[in-house]
Amino acid sequence: MLEVTGLSGGYYNHPVLDSVSFTVNKGELFGILGPNGSGKTTLLSMLSGVLAYKAGTIKIKGTSLKEYSAKQLAQVIAVLPQHSSLAFSYTVKETVSLGRYAHQKGLFHSWSDEDEAVVQKVMEQTGVAGFSDYQFEQLSGGERQRVLLAQALAQEPEILFLDEPTNHLDLAYQKGLLDLMKKMAMEYELTVIAIFHDLNLAGLYCDRLMLLEKGQVRVNDIPNEVLKQERIQQVYRTEIEKHPHPAIPRPQMFIVPNQHDSEKDSVVINEQFLTVSDEMVQLHAPIPLRTMSSGVTGSGTGWHQKFVNRHVSHTYSCENHVEEMTDYLRSHGFEPSETVGMMTAVFLEAVSYRFLHGENFSIFIVVTAGVGNAVDASLADQHSDAPRPGTINTWIFINGHVAEEAFIHSIVTATEAKVKALHELGVKDPVTNTWATGTSTDSILIAATQRGEGLHYAGTITPLGKLISRGVYDCTVEAIEKNERVKRT
Ligand SMILES: Nc1ncnc2c1ncn2[C@@H]1O[C@H](COP(=O)(O)OP(=O)(O)OP(=O)(O)O)[C@@H](O)[C@H]1O
């Protein structure tokens, strides 16, 4: 649909683009990225015939751009510019109707039924039909943007050029505009070429992205390839982190702000932050910790500052346990969204904890363990599936900067150490009378300060893994033994 080869040029005495080449296929949603001043708008101006170029070729539908008359070009391409104002005062409908110019014939063209139908349709699509009689100048920035999009769509173009289309739009309209572009690309094979500053929106919606740097193409590929952490850091000269979108397989980039609380660099989570009562074991960290957990609240990954392991009776009914736990936390002064909350039927005086030092990092482990619900995982299908309160709850606080994979390693390593502790104590599954590997609802928390030493791995023979293995094994053995003693008294 669009073929650009060796395109160079810019402004008087100011070369901007340097041999830019790329193609865009029919029905593609193609994103142009690049830092301020990299030449994105200059490129779009050349592609839409507004700015002359010095060298290279631009072909639209196989024909050189230079061979199109203004009217012919307007039948194929439409442009939604970054900044626009109107020379005269028009109503919204009149503004949108201007988009029909390219399709009108003769000197004294008349307004056809088709013109009217198209204008009504695009005003509905862009959500501006409700204020069709308003003066354009009376509208907010976002409303104007949508009216100008309607005008561009009224042109019924085959290629739509957008310069930062989501500028001025609120969240819902950003999504609305890009969903509409995607739909039109898929259903009507509209080719959409858009400049984005928001890498995340570009990554979410575009089929392909082209990254410009100092007037040259740095890369042109699918979003996951273009949005590589190191590359974006280099080109934009800023610190970002790449993570997958939580709901769809698309990349997302997160800005990492400079930390201004360096006095907390030395925060070490240890026993001083732990409180044990009959009702709960709680830890209040002085800073939010990066967490991965299977708690009743605060599960999955997140950032949490408070940690609660609450005692419940053996007869606790687990129906609606999340809601009940949320109410409990709130009534005890905890904000549920900021708290990792677990439950246990174990008497909490039987808690076991240890602080262990590595070379440049340390860990603090807290375990409560009862084995009344012990299960042999290899024979779990012989058990009923009625949920009961978890009986081995393991908290691992890491004073270090833990990579995502090391969070997962930590869970594997801790589980292996726990299984060994159960074997060592000869704990059996009461249903199958075979060696137990855990209990039916064990929970785990890994919480890291994300300061200091970078810890990339936590497999059993890594420095972090060795500490976790030792600590979880010792604490689990001690917690089970203590609980047995408490139960006997
Ligand atoms: N009309 C102009 N006359 C002279 N130089 C210009 C003109 N417009 C832009 N430039 C220069 O051309 C270079 C590229 O500008 P352009 O607007 O294409 O960048 P951009 O990537 O779209 O930037 P931004 O992200 O800030 O919108 C910049 O150095 C800019 O100063």
# chains A, B, ... in the order shown; residues from 1 in each chain; ligands from 1
call {"tool": "residues_around", "arguments": {"residues": "Leu212 (chain A)", "least_positions_apart": "3", "cutoff": "8 Å", "atoms": "only C-alpha atoms", "output": "list in words"}}
result
Ile32, Leu33, Gly34, Pro35, Ser38, Gly39, Lys40, Gly215, Gln216, Val217, Arg218 and Val219 of chain A
call {"tool": "write_last_selection", "arguments": {"atoms": "C-alpha atoms", "output": "PDB file, in the first residue's frame"}}
result
ATOM      1  CA  ILE A  32       6.057   5.315  14.195  1.00  0.00           C
ATOM      2  CA  LEU A  33       8.073   5.844  17.385  1.00  0.00           C
ATOM      3  CA  GLY A  34      11.086   7.921  18.269  1.00  0.00           C
ATOM      4  CA  PRO A  35      12.296  10.545  20.725  1.00  0.00           C
ATOM      5  CA  SER A  38      13.770  12.265  15.650  1.00  0.00           C
ATOM      6  CA  GLY A  39      11.792  13.203  12.527  1.00  0.00           C
ATOM      7  CA  LYS A  40       8.393  11.530  12.983  1.00  0.00           C
ATOM      8  CA  GLY A 215      16.229  10.772  11.264  1.00  0.00           C
ATOM      9  CA  GLN A 216      17.158   7.151  10.590  1.00  0.00           C
ATOM     10  CA  VAL A 217      15.271   3.884  10.996  1.00  0.00           C
ATOM     11  CA  ARG A 218      16.692   2.145  14.039  1.00  0.00           C
ATOM     12  CA  VAL A 219      14.386  -0.874  13.775  1.00  0.00           C
TER      13      VAL A 219
END
call {"tool": "closest_atom_pairs", "arguments": {"of": "chain A", "to": "ligand 1", "cutoff": "12 Å", "atoms": "only C-alpha atoms and all ligand atoms", "output": "JSON lines"}}
result
{"residue": "A:Gly9", "atom": "CA", "partner": "ligand 1", "partner_atom_place_in_ligand_line": "12 (O)", "distance": 9.9}
{"residue": "A:Gly10", "atom": "CA", "partner": "ligand 1", "partner_atom_place_in_ligand_line": "12 (O)", "distance": 6.7}
{"residue": "A:Tyr11", "atom": "CA", "partner": "ligand 1", "partner_atom_place_in_ligand_line": "4 (C)", "distance": 4.9}
{"residue": "A:Tyr12", "atom": "CA", "partner": "ligand 1", "partner_atom_place_in_ligand_line": "4 (C)", "distance": 6.6}
{"residue": "A:Asn13", "atom": "CA", "partner": "ligand 1", "partner_atom_place_in_ligand_line": "4 (C)", "distance": 8.1}
{"residue": "A:His14", "atom": "CA", "partner": "ligand 1", "partner_atom_place_in_ligand_line": "5 (N)", "distance": 6.1}
{"residue": "A:Pro15", "atom": "CA", "partner": "ligand 1", "partner_atom_place_in_ligand_line": "12 (O)", "distance": 7.6}
{"residue": "A:Val16", "atom": "CA", "partner": "ligand 1", "partner_atom_place_in_ligand_line": "13 (C)", "distance": 5.6}
{"residue": "A:Leu17", "atom": "CA", "partner": "ligand 1", "partner_atom_place_in_ligand_line": "14 (C)", "distance": 8.1}
{"residue": "A:Asp18", "atom": "CA", "partner": "ligand 1", "partner_atom_place_in_ligand_line": "14 (C)", "distance": 11.4}
{"residue": "A:Ile32", "atom": "CA", "partner": "ligand 1", "partner_atom_place_in_ligand_line": "21 (O)", "distance": 9.1}
{"residue": "A:Leu33", "atom": "CA", "partner": "ligand 1", "partner_atom_place_in_ligand_line": "21 (O)", "distance": 7.9}
{"residue": "A:Gly34", "atom": "CA", "partner": "ligand 1", "partner_atom_place_in_ligand_line": "21 (O)", "distance": 6.0}
{"residue": "A:Pro35", "atom": "CA", "partner": "ligand 1", "partner_atom_place_in_ligand_line": "25 (O)", "distance": 5.6}
{"residue": "A:Asn36", "atom": "CA", "partner": "ligand 1", "partner_atom_place_in_ligand_line": "25 (O)", "distance": 3.4}
{"residue": "A:Gly37", "atom": "CA", "partner": "ligand 1", "partner_atom_place_in_ligand_line": "19 (O)", "distance": 3.4}
{"residue": "A:Ser38", "atom": "CA", "partner": "ligand 1", "partner_atom_place_in_ligand_line": "21 (O)", "distance": 3.9}
{"residue": "A:Gly39", "atom": "CA", "partner": "ligand 1", "partner_atom_place_in_ligand_line": "18 (O)", "distance": 3.3}
{"residue": "A:Lys40", "atom": "CA", "partner": "ligand 1", "partner_atom_place_in_ligand_line": "21 (O)", "distance": 3.8}
{"residue": "A:Thr41", "atom": "CA", "partner": "ligand 1", "partner_atom_place_in_ligand_line": "22 (O)", "distance": 3.7}
{"residue": "A:Thr42", "atom": "CA", "partner": "ligand 1", "partner_atom_place_in_ligand_line": "18 (O)", "distance": 3.7}
{"residue": "A:Leu43", "atom": "CA", "partner": "ligand 1", "partner_atom_place_in_ligand_line": "18 (O)", "distance": 6.4}
{"residue": "A:Leu44", "atom": "CA", "partner": "ligand 1", "partner_atom_place_in_ligand_line": "18 (O)", "distance": 8.0}
{"residue": "A:Ser45", "atom": "CA", "partner": "ligand 1", "partner_atom_place_in_ligand_line": "18 (O)", "distance": 8.3}
{"residue": "A:Met46", "atom": "CA", "partner": "ligand 1", "partner_atom_place_in_ligand_line": "18 (O)", "distance": 10.0}
{"residue": "A:Val50", "atom": "CA", "partner": "ligand 1", "partner_atom_place_in_ligand_line": "1 (N)", "distance": 11.4}
{"residue": "A:Leu51", "atom": "CA", "partner": "ligand 1", "partner_atom_place_in_ligand_line": "1 (N)", "distance": 9.5}
{"residue": "A:Ala52", "atom": "CA", "partner": "ligand 1", "partner_atom_place_in_ligand_line": "1 (N)", "distance": 11.9}
{"residue": "A:Pro81", "atom": "CA", "partner": "ligand 1", "partner_atom_place_in_ligand_line": "27 (O)", "distance": 11.0}
{"residue": "A:Gln82", "atom": "CA", "partner": "ligand 1", "partner_atom_place_in_ligand_line": "27 (O)", "distance": 8.4}
{"residue": "A:His83", "atom": "CA", "partner": "ligand 1", "partner_atom_place_in_ligand_line": "27 (O)", "distance": 10.6}
{"residue": "A:Leu162", "atom": "CA", "partner": "ligand 1", "partner_atom_place_in_ligand_line": "22 (O)", "distance": 11.7}
{"residue": "A:Asp163", "atom": "CA", "partner": "ligand 1", "partner_atom_place_in_ligand_line": "22 (O)", "distance": 8.3}
{"residue": "A:Glu164", "atom": "CA", "partner": "ligand 1", "partner_atom_place_in_ligand_line": "27 (O)", "distance": 8.4}
{"residue": "A:Asn167", "atom": "CA", "partner": "ligand 1", "partner_atom_place_in_ligand_line": "27 (O)", "distance": 11.4}
{"residue": "A:Ala194", "atom": "CA", "partner": "ligand 1", "partner_atom_place_in_ligand_line": "22 (O)", "distance": 11.3}
{"residue": "A:Ile195", "atom": "CA", "partner": "ligand 1", "partner_atom_place_in_ligand_line": "22 (O)", "distance": 8.0}
{"residue": "A:Phe196", "atom": "CA", "partner": "ligand 1", "partner_atom_place_in_ligand_line": "25 (O)", "distance": 8.5}
{"residue": "A:His197", "atom": "CA", "partner": "ligand 1", "partner_atom_place_in_ligand_line": "25 (O)", "distance": 7.0}
{"residue": "A:Asp198", "atom": "CA", "partner": "ligand 1", "partner_atom_place_in_ligand_line": "25 (O)", "distance": 10.7}
{"residue": "A:Leu211", "atom": "CA", "partner": "ligand 1", "partner_atom_place_in_ligand_line": "21 (O)", "distance": 10.1}
{"residue": "A:Leu212", "atom": "CA", "partner": "ligand 1", "partner_atom_place_in_ligand_line": "21 (O)", "distance": 7.7}
{"residue": "A:Glu213", "atom": "CA", "partner": "ligand 1", "partner_atom_place_in_ligand_line": "21 (O)", "distance": 8.5}
{"residue": "A:Lys214", "atom": "CA", "partner": "ligand 1", "partner_atom_place_in_ligand_line": "14 (C)", "distance": 8.2}
{"residue": "A:Gly215", "atom": "CA", "partner": "ligand 1", "partner_atom_place_in_ligand_line": "14 (C)", "distance": 7.5}
{"residue": "A:Gln216", "atom": "CA", "partner": "ligand 1", "partner_atom_place_in_ligand_line": "21 (O)", "distance": 10.8}
{"residue": "A:Val217", "atom": "CA", "partner": "ligand 1", "partner_atom_place_in_ligand_line": "21 (O)", "distance": 11.8}
{"residue": "A:Tyr236", "atom": "CA", "partner": "ligand 1", "partner_atom_place_in_ligand_line": "25 (O)", "distance": 11.1}
call {"tool": "select_by_dssp", "arguments": {"residues": "region 378-441 of chain A", "states": "strand (DSSP E or B)", "output": "MDAnalysis selection string"}}
result
chainID A and resid 392:399 401:402 428 435 438:439
call {"tool": "residues_around", "arguments": {"residues": "region 138-153 of chain A", "least_positions_apart": "2", "cutoff": "6 Å", "atoms": "only C-alpha atoms", "output": "list in words"}}
result
Ala78, Val96, Gly99, Val122, Met123, Thr126, Gln135, Phe136, Gln155, Glu156, His168 and Leu169 of chain A
call {"tool": "write_last_selection", "arguments": {"atoms": "C-alpha atoms", "output": "PDB file, in the first residue's frame"}}
result
ATOM      1  CA  ALA A  78      -6.506  11.458   5.238  1.00  0.00           C
ATOM      2  CA  VAL A  96     -16.922  16.852   9.671  1.00  0.00           C
ATOM      3  CA  GLY A  99     -14.085  15.738   4.860  1.00  0.00           C
ATOM      4  CA  VAL A 122     -18.462   8.744  11.369  1.00  0.00           C
ATOM      5  CA  MET A 123     -19.953  11.166  13.921  1.00  0.00           C
ATOM      6  CA  THR A 126     -16.255   8.929  17.069  1.00  0.00           C
ATOM      7  CA  GLN A 135     -19.350  25.478  17.357  1.00  0.00           C
ATOM      8  CA  PHE A 136     -15.991  23.727  16.930  1.00  0.00           C
ATOM      9  CA  GLN A 155     -12.971  11.302   3.619  1.00  0.00           C
ATOM     10  CA  GLU A 156     -13.276   7.487   3.481  1.00  0.00           C
ATOM     11  CA  HIS A 168      -5.853  15.229  24.572  1.00  0.00           C
ATOM     12  CA  LEU A 169      -8.024  12.113  24.856  1.00  0.00           C
TER      13      LEU A 169
END
call {"tool": "residues_around", "arguments": {"residues": "Ala406 (chain A)", "least_positions_apart": "6", "cutoff": "8 Å", "atoms": "only C-alpha atoms", "output": "PyMOL selection string"}}
result
chain A and resi 455-459
call {"tool": "write_last_selection", "arguments": {"atoms": "N, CA and C atoms", "output": "PDB file, in the first residue's frame"}}
result
ATOM      1  N   LEU A 455      20.040 -10.123  42.945  1.00  0.00           N
ATOM      2  CA  LEU A 455      19.997 -11.577  43.129  1.00  0.00           C
ATOM      3  C   LEU A 455      19.196 -12.160  41.967  1.00  0.00           C
ATOM      4  N   HIS A 456      19.899 -12.828  41.048  1.00  0.00           N
ATOM      5  CA  HIS A 456      19.232 -13.279  39.829  1.00  0.00           C
ATOM      6  C   HIS A 456      18.712 -14.702  39.909  1.00  0.00           C
ATOM      7  N   TYR A 457      19.271 -15.479  40.810  1.00  0.00           N
ATOM      8  CA  TYR A 457      18.867 -16.891  40.890  1.00  0.00           C
ATOM      9  C   TYR A 457      18.666 -17.290  42.346  1.00  0.00           C
ATOM     10  N   ALA A 458      17.842 -18.310  42.532  1.00  0.00           N
ATOM     11  CA  ALA A 458      17.647 -18.807  43.899  1.00  0.00           C
ATOM     12  C   ALA A 458      17.476 -20.322  43.901  1.00  0.00           C
ATOM     13  N   GLY A 459      18.008 -20.988  42.867  1.00  0.00           N
ATOM     14  CA  GLY A 459      18.021 -22.463  42.867  1.00  0.00           C
ATOM     15  C   GLY A 459      18.834 -22.953  44.066  1.00  0.00           C
TER      16      GLY A 459
END
call {"tool": "atom_distance", "arguments": {"atom1": "CA of Thr439 (chain A)", "atom2": "CA of Glu416 (chain A)"}}
result
13.5 Å
call {"tool": "residues_around", "arguments": {"residues": "Gln252 (chain A)", "least_positions_apart": "6", "cutoff": "10 Å", "atoms": "only C-alpha atoms", "output": "NGL selection string"}}
result
:A and (199-204 or 223-224 or 227-229 or 240-246)
call {"tool": "write_last_selection", "arguments": {"atoms": "C-alpha atoms", "output": "PDB file, in the first residue's frame"}}
result
ATOM      1  CA  LEU A 199       5.015   3.177  23.726  1.00  0.00           C
ATOM      2  CA  ASN A 200       2.458   1.127  25.633  1.00  0.00           C
ATOM      3  CA  LEU A 201      -0.474   2.094  23.431  1.00  0.00           C
ATOM      4  CA  ALA A 202       1.710   1.518  20.366  1.00  0.00           C
ATOM      5  CA  GLY A 203       2.720  -1.893  21.716  1.00  0.00           C
ATOM      6  CA  LEU A 204      -0.884  -2.795  22.478  1.00  0.00           C
ATOM      7  CA  PRO A 223       6.135  -4.704  18.815  1.00  0.00           C
ATOM      8  CA  ASN A 224       7.774  -7.352  20.992  1.00  0.00           C
ATOM      9  CA  LEU A 227      10.158  -2.695  22.438  1.00  0.00           C
ATOM     10  CA  LYS A 228      13.250  -4.266  23.932  1.00  0.00           C
ATOM     11  CA  GLN A 229      14.248  -2.853  27.285  1.00  0.00           C
ATOM     12  CA  ILE A 240      12.435   1.785  31.832  1.00  0.00           C
ATOM     13  CA  GLU A 241      11.465  -1.819  32.526  1.00  0.00           C
ATOM     14  CA  LYS A 242       9.679  -4.129  30.135  1.00  0.00           C
ATOM     15  CA  HIS A 243       6.923  -6.457  31.344  1.00  0.00           C
ATOM     16  CA  PRO A 244       4.222  -8.417  29.580  1.00  0.00           C
ATOM     17  CA  HIS A 245       0.718  -6.993  29.648  1.00  0.00           C
ATOM     18  CA  PRO A 246      -1.246  -8.901  32.321  1.00  0.00           C
TER      19      PRO A 246
END
call {"tool": "atom_distance", "arguments": {"atom1": "CA of Met1 (chain A)", "atom2": "CA of Glu116 (chain A)"}}
result
28.5 Å
call {"tool": "select_by_dssp", "arguments": {"residues": "region 252-390 of chain A", "states": "helix (DSSP H, G or I)", "output": "VMD selection string"}}
result
chain A and resid 262 to 266 271 to 273 321 to 331 336 to 338 348 to 350 377 to 382
call {"tool": "atom_distance", "arguments": {"atom1": "CA of Val276 (chain A)", "atom2": "CA of Val367 (chain A)"}}
result
11.9 Å
call {"tool": "residues_around", "arguments": {"residues": "region 300-315 of chain A", "least_positions_apart": "2", "cutoff": "8 Å", "atoms": "only C-alpha atoms", "output": "JSON, numbers by chain"}}
result
{"A": [278, 279, 280, 281, 282, 283, 284, 285, 286, 287, 288, 289, 290, 291, 292, 293, 294, 298, 317, 334, 338, 339, 340, 341, 342, 343, 344, 345, 346, 347, 348, 389, 393]}
call {"tool": "residues_around", "arguments": {"residues": "Lys61 (chain A)", "least_positions_apart": "4", "cutoff": "10 Å", "atoms": "only C-alpha atoms", "output": "PDB file with C-alpha atoms, in the first residue's frame"}}
result
ATOM      1  CA  MET A   1       0.000   0.000   0.000  1.00  0.00           C
ATOM      2  CA  LEU A   2       2.844   2.361   0.929  1.00  0.00           C
ATOM      3  CA  GLU A   3       6.429   1.934  -0.190  1.00  0.00           C
ATOM      4  CA  ASN A  25       0.788  -3.311   3.913  1.00  0.00           C
ATOM      5  CA  LYS A  26      -2.902  -2.814   3.279  1.00  0.00           C
ATOM      6  CA  LEU A  65       3.164  10.406  -4.638  1.00  0.00           C
ATOM      7  CA  VAL A  76      -6.715   7.921  -0.805  1.00  0.00           C
ATOM      8  CA  GLU A 158      -7.587   4.021   2.263  1.00  0.00           C
TER       9      GLU A 158
END
call {"tool": "closest_residue", "arguments": {"among": "A:Gln75, A:Tyr134, A:Glu319, A:Ala117", "to": "Ser89 (chain A)", "atoms": "only C-alpha atoms"}}
result
A:Tyr134
call {"tool": "closest_residue", "arguments": {"among": "A:Arg250, A:Lys175, A:Arg451, A:Arg354", "to": "Gln272 (chain A)", "atoms": "only C-alpha atoms"}}
result
A:Arg354
call {"tool": "closest_residue", "arguments": {"among": "A:Leu171, A:Val267, A:Met210, A:Val366", "to": "Ile468 (chain A)", "atoms": "only C-alpha atoms"}}
result
A:Val366
call {"tool": "closest_residue", "arguments": {"among": "A:Ser384, A:Gly27, A:Cys206, A:Ala247", "to": "Glu189 (chain A)", "atoms": "only C-alpha atoms"}}
result
A:Gly27
